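Enquirer: Pasting in a structure now, in structure tokens, and then I'll have a few things to ask.
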Amino acid sequence: MNDKTTHEYKEVIASCKVLFARKTHDYGTAWRVLRISSITDQIYIKAQRIRSIQEKGVQKVDDPIRDEFIGIINYCIIALIQIKLTSSAKMEMTFEELEPLYDEAVNETFDLLQNKNHDYAEAWRDMRVSSMTDIILMKLLRVKQIEDNQGRTLVSEGVKANYQDMINYSVFCLIKLN
């Protein structure tokens, strides 16, 4: 993977992390009450809004599409954190307690990106943001199906890999939108 992609990726994630820290300050960890399926649905709402705006060419709510991709990234990271935390883990956590979990999720996802980017030769740079939005929606539908199957798959990767792919595609979209 080239240095430009690494730099752009880390810039996007840094801005997502700043927002995550600020929202944790404002709201605490209210998201800890959510089941993974509810987090998946929250991500779905954001991706569906992006697609709807792309298709209609007009938006009536001022929140920029960029913010929705940032939301997808942070909710996917929340899902990865929530998967790690047991139901016995405390509900209210500080950003200082969450930061290592956030960084671990990002680092594992970045490692996956490096491997895939090597094999696919940065093909994402030639893709349309609308196509990547569709892929994010497809991955969400896959996750919903896996969740409906109580996490059991026969030959497919699990929900973690799908959340990671959604993070990476969202980062690509933000890079392309810059």
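Each chain of the structure tokens is named A, B, ... in the order shown, its residues numbered from 1; ligands are numbered from 1 in display order.
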Among stretch 115-161 of chain A, which ones does DSSP place in helix (DSSP H, G or I), written as a PyMOL selection string?

Expert: chain A and resi 115-120+123-126+129-148+159-161

Enquirer: Quick one: residues within 7 Å of A:Ala79, only C-alpha atoms counted, chain neighbours fewer than 4 positions away excluded, as a VMD selection string?

Expert: chain A and resid 36 39 75 83

Enquirer: Residues within 12 Å of A:Phe95, please, as a PDB file with C-alpha atoms, in the first residue's frame. Count only C-alpha atoms; anything in the same chain fewer than 2 positions from it doesn't count.

Expert:
ATOM      1  CA  LYS A  17     -11.756   9.449  16.677  1.00  0.00           C
ATOM      2  CA  VAL A  18     -11.951  13.126  17.673  1.00  0.00           C
ATOM      3  CA  LEU A  19     -15.707  13.080  17.061  1.00  0.00           C
ATOM      4  CA  PHE A  20     -16.046   9.784  18.970  1.00  0.00           C
ATOM      5  CA  ALA A  21     -14.185  11.323  21.937  1.00  0.00           C
ATOM      6  CA  ARG A  22     -16.398  14.428  21.895  1.00  0.00           C
ATOM      7  CA  LYS A  23     -19.607  12.414  21.652  1.00  0.00           C
ATOM      8  CA  THR A  24     -18.406  10.187  24.493  1.00  0.00           C
ATOM      9  CA  HIS A  25     -17.908  13.350  26.551  1.00  0.00           C
ATOM     10  CA  ASP A  26     -21.392  14.656  25.665  1.00  0.00           C
ATOM     11  CA  TYR A  27     -23.399  11.416  25.789  1.00  0.00           C
ATOM     12  CA  GLY A  28     -21.264   8.986  27.755  1.00  0.00           C
ATOM     13  CA  THR A  29     -21.562   5.422  26.549  1.00  0.00           C
ATOM     14  CA  GLU A  92     -20.628   3.664  31.589  1.00  0.00           C
ATOM     15  CA  MET A  93     -17.040   4.015  30.432  1.00  0.00           C
ATOM     16  CA  GLU A  97     -11.093   3.406  28.991  1.00  0.00           C
ATOM     17  CA  LEU A  98     -12.487   3.129  25.460  1.00  0.00           C
ATOM     18  CA  GLU A  99      -9.542   4.598  23.578  1.00  0.00           C
ATOM     19  CA  PRO A 100      -7.415   1.408  23.619  1.00  0.00           C
ATOM     20  CA  LEU A 101     -10.430  -0.594  22.373  1.00  0.00           C
ATOM     21  CA  TYR A 102     -11.088   1.999  19.647  1.00  0.00           C
ATOM     22  CA  ASP A 103      -7.422   1.909  18.600  1.00  0.00           C
TER      23      ASP A 103
END

Enquirer: Between A:Ser15, A:Thr40, A:Gln48, A:Thr6, which has the minimum distance to A:Asp134 (counting only C-alpha atoms)?

Expert: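 Nearest to A:Asp134: A:Gln48.
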
Enquirer: List every residue of stretch 53-85 of chain A that has an atom at most 10 Å from any atom of stretch 144-167 of chain A, and for each one report the closest atom pair and its distance in Å to one decimal, counting only C-alpha atoms, with rows sorted by chain and then by increasing residue number, as CSV.

Expert:
residue,atom,partner,partner_atom,distance
A:Phe69,CA,A:Ile167,CA,8.7
A:Ile70,CA,A:Ile167,CA,9.0
A:Gly71,CA,A:Ile167,CA,9.9
A:Ile72,CA,A:Ile167,CA,7.0
A:Ile73,CA,A:Ile167,CA,4.9
A:Asn74,CA,A:Ile167,CA,8.2
A:Tyr75,CA,A:Ile167,CA,9.1
A:Cys76,CA,A:Tyr163,CA,5.4
A:Ile77,CA,A:Tyr163,CA,7.7
A:Ile78,CA,A:Tyr163,CA,9.9
A:Ala79,CA,A:Tyr163,CA,7.7
A:Leu80,CA,A:Lys160,CA,6.6
A:Ile83,CA,A:Lys160,CA,8.4

Enquirer: So that I have them on file, write out the residues from the current selection with N, CA and C atoms, as a CSV table (one decimal), in the first residue's frame.

Expert:
chain,number,residue,atom,x,y,z
A,69,PHE,N,-20.9,9.1,6.6
A,69,PHE,CA,-19.8,8.1,6.5
A,69,PHE,C,-19.0,8.1,7.8
A,70,ILE,N,-18.8,9.2,8.4
A,70,ILE,CA,-18.1,9.2,9.7
A,70,ILE,C,-18.9,8.4,10.7
A,71,GLY,N,-20.2,8.6,10.7
A,71,GLY,CA,-21.1,7.9,11.6
A,71,GLY,C,-21.0,6.4,11.3
A,72,ILE,N,-21.0,6.0,10.1
A,72,ILE,CA,-20.8,4.5,9.7
A,72,ILE,C,-19.5,4.0,10.3
A,73,ILE,N,-18.4,4.7,10.1
A,73,ILE,CA,-17.1,4.3,10.7
A,73,ILE,C,-17.2,4.1,12.2
A,74,ASN,N,-17.7,5.2,12.9
A,74,ASN,CA,-17.8,5.1,14.3
A,74,ASN,C,-18.7,4.1,14.9
A,75,TYR,N,-19.9,3.9,14.2
A,75,TYR,CA,-20.8,2.8,14.7
A,75,TYR,C,-20.2,1.4,14.4
A,76,CYS,N,-19.5,1.3,13.3
A,76,CYS,CA,-18.8,0.0,13.1
A,76,CYS,C,-17.8,-0.3,14.2
A,77,ILE,N,-17.1,0.7,14.5
A,77,ILE,CA,-16.1,0.6,15.6
A,77,ILE,C,-16.8,0.3,16.9
A,78,ILE,N,-17.9,1.0,17.2
A,78,ILE,CA,-18.7,0.7,18.4
A,78,ILE,C,-19.1,-0.8,18.4
A,79,ALA,N,-19.6,-1.3,17.2
A,79,ALA,CA,-20.0,-2.7,17.1
A,79,ALA,C,-18.8,-3.6,17.4
A,80,LEU,N,-17.6,-3.3,16.9
A,80,LEU,CA,-16.5,-4.2,17.2
A,80,LEU,C,-16.1,-4.1,18.6
A,83,ILE,N,-18.8,-6.1,20.6
A,83,ILE,CA,-18.6,-7.6,20.5
A,83,ILE,C,-17.5,-8.0,21.5

Enquirer: Which polymer residues have any atom within 10 Å of an atom of A:Asp67, counting only C-alpha atoms, with same-chain residues fewer than 6 positions away left out, as a ChimeraX atom specification?

Expert: /A:16,46,50,73,174

Enquirer: For the residues selected in the previous step, produce a file with N, CA and C atoms as a compact mmCIF listing (two decimals), in the first residue's frame.

Expert:
# COMPACT_ATOMS: atom_id res chain seq x y z
N CYS A 16 -12.42 10.92 12.81
CA CYS A 16 -13.50 10.10 13.37
C CYS A 16 -13.30 9.90 14.87
N LYS A 46 -27.94 5.11 8.23
CA LYS A 46 -26.99 6.08 7.68
C LYS A 46 -26.65 5.76 6.22
N ILE A 50 -27.54 7.98 2.71
CA ILE A 50 -26.55 8.34 1.70
C ILE A 50 -27.04 7.93 0.31
N ILE A 73 -18.44 4.73 10.15
CA ILE A 73 -17.14 4.29 10.69
C ILE A 73 -17.23 4.13 12.20
N LEU A 174 -14.74 8.78 2.05
CA LEU A 174 -14.33 10.09 2.59
C LEU A 174 -13.08 10.61 1.89

Enquirer: Report as a PyMOL selection string all protein, DNA and RNA residues lying within 12 Å of A:Lys4, evaluated on only C-alpha atoms, omitting residues in the same chain fewer than 5 positions from it.

Expert: chain A and resi 9-11+122+125+175

Enquirer: Given the selection you just returned, output its residues as a file containing C-alpha atoms, formatted as a PDB file, in the first residue's frame.

Expert:
ATOM      1  CA  TYR A   9      -6.541   6.721   5.916  1.00  0.00           C
ATOM      2  CA  LYS A  10      -4.961   7.833   9.181  1.00  0.00           C
ATOM      3  CA  GLU A  11      -6.233  11.394   8.660  1.00  0.00           C
ATOM      4  CA  GLU A 122      -5.962   0.031  -4.797  1.00  0.00           C
ATOM      5  CA  ARG A 125      -9.513   4.516  -6.264  1.00  0.00           C
ATOM      6  CA  ILE A 175     -10.948  10.133   0.849  1.00  0.00           C
TER       7      ILE A 175
END
